[in-house]
Structures are given as structure tokens and as C-alpha cells.
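Engineer: One structure coming up, written as C-alpha cells, with questions to follow.
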Amino acid sequence: MTQFDTLFEQALSALAREDRRRRLRTVDGEGPAQFRRSDGSLLTDFSSNDYLGLSRHPLLAERSAEWGSKAGTGSGSSRLVTGTRSLHERVEAKIAALKGKEAALLFASGWQANASIIPALARLSTEQMGAPALVFSDRLNHASLHHGCAAAGLSQIRFRHNDLTHLETLLEARAGQPGLRLIITESVFSMDGDCADIPALAALAQRHNAFLCVDEAHATGVLGPDGAGLAAGIEGVSLVMGTFSKALGGMGAYVAGSQALCNWLLNAASGFIYSTALPPTVLGAADAALDLLPEMEEQRRLLARRGNWLRERLKEQGWAESGSMTQIVPVMAGEASRALEMAATLEQERMLVVAIRPPTVPKGASRLRIALNAVQTEEELERLVQVLGCCAGGVL
Ligand SMILES: Cc1ncc(COP(=O)(O)O)c(C=O)c1O
């Protein structure tokens, strides 16, 4: 106990009163799409982002162990000190090839990448264009992208979710203003599972001489040619970022773009400069996942089919339509308390679906975020739909 703990407790109680307090829960991985609770019971995973089930693929575990035993468990310093290995360069080359870009640069996490790319681009604008960057961002962008803008001291010009007419109006309104125009979007929105129209955004960016950044965290591995994402091969996308932490079953992140962009980021992105390089164990898993992606077309098709199937079932049950088009399928609960109740009901039935509440989603838009993966069984999906049907019928 310290004299500050009363303050913490008061703040936590305020969160609890609004059903917004978070707690950690421990579940241990146990085979494909299964978690074991501390009481020994198993839960089917409908929440993690391990969409292809790669986190338990033997090739990832094998290469991670092999690279770790050959090159060590840690990199010892930042990439710019003594941390750069040929293994980093190998993974960066594979990412650049997958994304169809000149170069790529690894980061320790997606959060860290987003939080530091934007300040680096903002600095470019101030130093080279003599004016602050103008950031046009989708309203539903991930917290890490908002953090990047805040860290750069930029106030965002937010456009309505996926509304390119609104974006164009905002761009036109600032046509005469100096500074680098940044358009920032996710390609698959993490809490809604809908997609941005990347070709249209790229065309818009080109018309307005804007730098388009696309966060492909939830598309990489799952969508696009060989799982390369929705921005792959589209001209006019200046920067793509993505993570190894979701469909690629590991940890870490990357940015892909021109060589000059990557050279600038390694000079200006503080999350890259002042953080220890990814270790060989993590790189091994990423490298193996990248090798497997082209062979996983069947899993990608399965995810697409299951997404359509689940959306149809939810519609029949009368749930509000969410706009989802992918493996992320929200079930809209409204109030946080209802989302929590539904999650508890599912858990009683041995299914783990986490309730997503404000501030992750807007107030009144709490939901269960169902994340499909290629290793859930049809019986598990049928059971999920059955229990959701009971929730829809008010049998709570
Ligand atoms: C859209 C998006 N971008 C970035 C991140 C951060 O990635 P990481 O988990 O690798 O830090 C996430 C993960 O929650 C995300 O959903």
C-alpha cells in the first residue's frame, strides 16, 4: 500500500460504475483455437486475432527455436547500435516482396510503429515544407494511430468512417494550405470488420497530392493476393504498416514503402531508434509465417465463407447489421452491461468472446467482437450461433 493507492482505487471504482473497468484474465493456449482456464475447463477461442491458427504451427515454433539457438534470445541493443542482424534484413526483404514495395523496416510492435511513424512524417513536413502536417484520419482508426497524432502534437482532421466524399470535402477545404497531407486509415477495421476502399483512397490521395498510410494489421495474411493485404499492388499507397502479431501468429510489426521513406524512418521514428531490435526467436516465427502465407489460400477462402455464413445467421436472429465484410464479425450489444452479460453467457457455454466497450468503441456501441479463425470447427460455430440466438431472444 502506498499513499497514492486511494487515488488509484477511486479511479478504478469510477470505471467500474460505468462497466468500463478492465481486468486481466489468464487462459493458457491448449491446441487449435482452445484456451484452458485456471479451473481446468476449456474454452473455444472466438476472440484472438490468430486468424490462420499460425501461432501454433510447428514450422513457426521450429524456426523460432532454431534462430534463437543459433543467434541468441535477445538482440542486445537498438538496430542502430549493434542490433541489426542479417536475419532482420531477410525478414524485411520478404515483407517488401510480399507488399510489392521497395523496402521494409521492422518495429517491435504495431502500436510502437504507429505511435512513431506519424511524428516522423510530421517532422518531415515541418523541416522540409515549413509547415505542420495536415492529418486526415478515419474516425474509427486504431488507438495507436490516434496516439501517433497526439505524440506529434497534431490535431486530426477526422472524416466520417469510410466516407470518401467527406474526406474529399475536407481535403478541398484545405487545398491552399501548406504542409504534408497525410491520409490515415486501416484497411480492415479492427472492431467492425469492414474494409476501406483502398483503390478509391489511393486515387483520391493522388488527386490531392497526399501521402496515404494504410494500417493492414487485420488484412495481412487474410486478404489480398497471397494474403498480402488490401493495399498490395495499388499505386498511390505511400506507406503500409502491418503486424506479425495477428494472422501471422507471432509478434512485431513492419512498415513497407519506398527506400527513401524507410531511410527517413530509421532516422526519425523514435519507436525504431530508441527500442531494442526484435530478437531472433521472434524473427524466426515471422520468417516462417511469411513462407507459409502463399500456401494458405484454402484457409483464406474458409474464413471468407464462414464470415458470410455467420453474418447471415446473425441477420436471421435480428442483430443489427454491422458492415462487417471479413473474419471480424461484431455482434452489436449497445450498452456495455449488455455486452458483458452476453460474454458471460457465452463463457458459461465454454466460448471465449470478449466484450468490447468504450473507449475502444464509441459509447452505446459496445459489442461482442467475434474473431473467426481457420481452426474453429463447424460444431463450435453452430454452438456459438445457437447461444447468440438465445441472447437475441432475450433469454439472458
Ligand atoms: C489496426 C491495428 N493497428 C495496430 C495494432 C497494434 O499492433 P500490435 O498488437 O502489434 O501492437 C492493432 C492491434 O491491436 C490494430 O488492431
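Going by the C-alpha cells order, chains are called A, B, ..., each with residues numbered from 1, while ligands are numbered from 1 in the order shown.
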Check which residues fall inside 10 Å of ligand 1 when counting only C-alpha atoms and all ligand atoms, and print them as number ranges by chain.
Structural biologist: A: 49, 107-115, 140-145, 185-191, 214-219, 241-246, 250-254
Engineer: For the residues in that selection, give me N, CA and C atoms as a CSV table (one decimal), in the first residue's frame.
Structural biologist:
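Saved as again17.csv:
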chain,number,residue,atom,x,y,z
A,49,ASN,N,-6.7,-12.8,-32.4
A,49,ASN,CA,-6.5,-12.4,-33.8
A,49,ASN,C,-5.6,-13.4,-34.6
A,107,PHE,N,9.5,-3.1,-36.7
A,107,PHE,CA,9.3,-2.4,-35.4
A,107,PHE,C,9.0,-3.5,-34.4
A,108,ALA,N,9.1,-3.1,-33.1
A,108,ALA,CA,8.9,-4.1,-32.0
A,108,ALA,C,7.4,-4.4,-31.9
A,109,SER,N,6.5,-3.5,-32.2
A,109,SER,CA,5.1,-3.8,-32.2
A,109,SER,C,4.3,-2.9,-33.1
A,110,GLY,N,3.1,-3.2,-33.4
A,110,GLY,CA,2.3,-2.4,-34.3
A,110,GLY,C,2.0,-1.0,-33.6
A,111,TRP,N,1.7,-1.1,-32.3
A,111,TRP,CA,1.4,0.1,-31.6
A,111,TRP,C,2.6,1.1,-31.6
A,112,GLN,N,3.8,0.5,-31.4
A,112,GLN,CA,5.0,1.3,-31.4
A,112,GLN,C,5.3,1.9,-32.8
A,113,ALA,N,5.0,1.1,-33.9
A,113,ALA,CA,5.2,1.6,-35.2
A,113,ALA,C,4.3,2.8,-35.5
A,114,ASN,N,3.0,2.6,-35.2
A,114,ASN,CA,2.0,3.7,-35.5
A,114,ASN,C,2.3,4.9,-34.6
A,115,ALA,N,2.7,4.7,-33.4
A,115,ALA,CA,2.9,5.8,-32.5
A,115,ALA,C,4.1,6.6,-32.9
A,140,LEU,N,-12.7,5.9,-37.1
A,140,LEU,CA,-12.6,4.7,-36.4
A,140,LEU,C,-11.2,4.1,-36.4
A,141,ASN,N,-10.2,4.9,-36.7
A,141,ASN,CA,-8.8,4.4,-36.7
A,141,ASN,C,-8.4,3.9,-35.3
A,142,HIS,N,-7.5,3.0,-35.3
A,142,HIS,CA,-7.0,2.4,-34.1
A,142,HIS,C,-6.3,3.4,-33.1
A,143,ALA,N,-6.4,3.1,-31.8
A,143,ALA,CA,-5.8,4.0,-30.8
A,143,ALA,C,-4.4,4.3,-31.0
A,144,SER,N,-3.6,3.4,-31.6
A,144,SER,CA,-2.2,3.7,-31.8
A,144,SER,C,-2.0,4.8,-32.8
A,145,LEU,N,-2.9,4.9,-33.8
A,145,LEU,CA,-2.8,5.9,-34.8
A,145,LEU,C,-3.1,7.3,-34.2
A,185,THR,N,-5.6,5.5,-42.6
A,185,THR,CA,-6.8,4.6,-42.5
A,185,THR,C,-6.3,3.2,-42.2
A,186,GLU,N,-7.2,2.4,-41.6
A,186,GLU,CA,-7.0,1.0,-41.6
A,186,GLU,C,-7.6,0.4,-42.9
A,187,SER,N,-7.1,-0.8,-43.3
A,187,SER,CA,-7.7,-1.4,-44.5
A,187,SER,C,-8.9,-2.3,-44.0
A,188,VAL,N,-8.7,-3.1,-42.9
A,188,VAL,CA,-9.8,-3.8,-42.3
A,188,VAL,C,-9.9,-3.2,-40.9
A,189,PHE,N,-11.0,-2.7,-40.6
A,189,PHE,CA,-11.2,-2.0,-39.3
A,189,PHE,C,-11.3,-3.0,-38.1
A,190,SER,N,-10.5,-2.8,-37.1
A,190,SER,CA,-10.3,-3.9,-36.1
A,190,SER,C,-11.5,-4.2,-35.3
A,191,MET,N,-12.4,-3.3,-35.1
A,191,MET,CA,-13.5,-3.6,-34.2
A,191,MET,C,-14.8,-3.8,-35.0
A,214,VAL,N,-1.6,3.2,-44.8
A,214,VAL,CA,-2.7,2.2,-44.6
A,214,VAL,C,-2.2,1.2,-43.6
A,215,ASP,N,-3.0,1.0,-42.5
A,215,ASP,CA,-2.7,0.0,-41.5
A,215,ASP,C,-3.4,-1.3,-41.9
A,216,GLU,N,-2.5,-2.3,-42.2
A,216,GLU,CA,-3.0,-3.6,-42.7
A,216,GLU,C,-2.9,-4.6,-41.6
A,217,ALA,N,-3.0,-4.2,-40.3
A,217,ALA,CA,-2.9,-5.2,-39.2
A,217,ALA,C,-3.8,-6.4,-39.4
A,218,HIS,N,-5.1,-6.1,-39.7
A,218,HIS,CA,-6.1,-7.2,-39.7
A,218,HIS,C,-6.3,-7.8,-41.1
A,219,ALA,N,-5.6,-7.2,-42.1
A,219,ALA,CA,-5.8,-7.8,-43.5
A,219,ALA,C,-4.6,-8.7,-43.9
A,241,MET,N,1.6,-0.4,-43.2
A,241,MET,CA,2.2,-1.0,-42.0
A,241,MET,C,1.3,-2.2,-41.7
A,242,GLY,N,1.9,-3.1,-40.9
A,242,GLY,CA,1.2,-4.3,-40.5
A,242,GLY,C,1.9,-5.0,-39.4
A,243,THR,N,1.3,-6.0,-38.9
A,243,THR,CA,1.9,-6.7,-37.7
A,243,THR,C,2.1,-8.2,-38.0
A,244,PHE,N,3.0,-8.7,-37.2
A,244,PHE,CA,3.2,-10.2,-37.2
A,244,PHE,C,2.3,-10.8,-36.1
A,245,SER,N,1.6,-9.9,-35.3
A,245,SER,CA,1.0,-10.4,-34.1
A,245,SER,C,-0.4,-10.9,-34.3
A,246,LYS,N,-0.9,-10.8,-35.5
A,246,LYS,CA,-2.3,-11.3,-35.7
A,246,LYS,C,-2.3,-12.5,-36.6
A,250,GLY,N,2.6,-14.3,-34.5
A,250,GLY,CA,3.8,-14.0,-33.7
A,250,GLY,C,3.8,-12.7,-33.0
A,251,MET,N,4.7,-11.9,-33.3
A,251,MET,CA,4.9,-10.6,-32.5
A,251,MET,C,5.7,-9.7,-33.4
A,252,GLY,N,5.5,-8.4,-33.3
A,252,GLY,CA,6.4,-7.4,-34.0
A,252,GLY,C,5.6,-6.9,-35.2
A,253,ALA,N,6.2,-5.9,-35.8
A,253,ALA,CA,5.5,-5.2,-36.9
A,253,ALA,C,6.4,-4.7,-38.0
A,254,TYR,N,5.9,-4.1,-39.0
A,254,TYR,CA,6.7,-3.5,-40.1
A,254,TYR,C,6.0,-2.4,-40.7
Engineer: So which residues touch A:Arg383 within 12 Å, counting only C-alpha atoms, skipping near sequence neighbours fewer than 4 positions away, as a list in words?
Structural biologist: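 In the requested format, the answer is Thr44, Phe46, Leu310, Arg313, Leu346, Glu347, Glu349, Arg350, Met351, Gln376, Thr377, Glu378, Glu379, Val387, Leu388, Gly389 and Cys390 of chain A.
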Engineer: What does the distance from atom CA of A:Leu60 to atom CA of A:Ala247 come to in Å, to one decimal?
Structural biologist: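 Separation of atom CA of A:Leu60 and atom CA of A:Ala247: 12.5 Å.
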Engineer: How would you write, as a list in words, the set of residues in stretch 76-160 of chain A that DSSP gives as strand (DSSP E)?
Structural biologist: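 Taking stretch 76-160 of chain A and keeping strand (DSSP E) only, one gets Ala103, Ala104, Leu105, Leu106, Phe107, Leu134, Val135, Phe136, Ser137, Asp138, Ile157, Arg158 and Phe159 of chain A.
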Engineer: Could you give me, as a PDB file with N, CA and C atoms, in the first residue's frame, the residues within 10 Å of A:Glu321, counting only C-alpha atoms and dropping anything in the same chain fewer than 3 positions from it?
Structural biologist:
ATOM      1  N   ARG A 311     -22.608 -13.944 -40.645  1.00  0.00           N
ATOM      2  CA  ARG A 311     -23.396 -12.711 -40.812  1.00  0.00           C
ATOM      3  C   ARG A 311     -24.856 -13.035 -41.170  1.00  0.00           C
ATOM      4  N   GLU A 312     -25.025 -14.035 -42.043  1.00  0.00           N
ATOM      5  CA  GLU A 312     -26.389 -14.457 -42.401  1.00  0.00           C
ATOM      6  C   GLU A 312     -27.171 -14.924 -41.171  1.00  0.00           C
ATOM      7  N   LEU A 314     -26.640 -14.196 -38.023  1.00  0.00           N
ATOM      8  CA  LEU A 314     -26.894 -13.076 -37.106  1.00  0.00           C
ATOM      9  C   LEU A 314     -28.059 -12.229 -37.613  1.00  0.00           C
ATOM     10  N   LYS A 315     -28.103 -12.072 -38.928  1.00  0.00           N
ATOM     11  CA  LYS A 315     -29.194 -11.301 -39.533  1.00  0.00           C
ATOM     12  C   LYS A 315     -30.530 -12.001 -39.258  1.00  0.00           C
ATOM     13  N   GLY A 318     -31.867 -11.313 -36.003  1.00  0.00           N
ATOM     14  CA  GLY A 318     -32.335  -9.947 -35.768  1.00  0.00           C
ATOM     15  C   GLY A 318     -31.295  -9.001 -35.184  1.00  0.00           C
ATOM     16  N   SER A 324     -19.679  -5.483 -41.293  1.00  0.00           N
ATOM     17  CA  SER A 324     -18.547  -6.413 -41.379  1.00  0.00           C
ATOM     18  C   SER A 324     -18.513  -7.099 -42.741  1.00  0.00           C
ATOM     19  N   VAL A 329     -16.386 -10.211 -36.936  1.00  0.00           N
ATOM     20  CA  VAL A 329     -17.846 -10.042 -37.040  1.00  0.00           C
ATOM     21  C   VAL A 329     -18.380  -9.553 -35.688  1.00  0.00           C
ATOM     22  N   PRO A 330     -18.704  -8.261 -35.589  1.00  0.00           N
ATOM     23  CA  PRO A 330     -19.235  -7.778 -34.312  1.00  0.00           C
ATOM     24  C   PRO A 330     -20.713  -8.140 -34.124  1.00  0.00           C
ATOM     25  N   VAL A 331     -21.066  -8.396 -32.888  1.00  0.00           N
ATOM     26  CA  VAL A 331     -22.477  -8.575 -32.537  1.00  0.00           C
ATOM     27  C   VAL A 331     -22.809  -7.385 -31.651  1.00  0.00           C
ATOM     28  N   MET A 332     -23.634  -6.492 -32.162  1.00  0.00           N
ATOM     29  CA  MET A 332     -23.826  -5.208 -31.502  1.00  0.00           C
ATOM     30  C   MET A 332     -24.762  -5.360 -30.296  1.00  0.00           C
TER      31      MET A 332
END
Engineer: For the contact check between stretch 144-261 of chain A and stretch 297-305 of chain A, emit one row per residue of stretch 144-261 of chain A within 9 Å, containing the shortest atom pair and the distance in Å rounded to one decimal, counting only C-alpha atoms, chain then rising number order, as CSV.
Structural biologist:
residue,atom,partner,partner_atom,distance
A:Gly221,CA,A:Arg300,CA,8.1
A:Val222,CA,A:Arg300,CA,5.5
A:Leu223,CA,A:Arg300,CA,7.1
A:Pro225,CA,A:Glu297,CA,8.9
A:Asp226,CA,A:Glu297,CA,7.0
A:Gly227,CA,A:Arg300,CA,7.8
Engineer: Report the residues of stretch 166-220 of chain A whose backbone DSSP state falls under helix (DSSP H, G or I), written as a count of residues only.
Structural biologist: 18
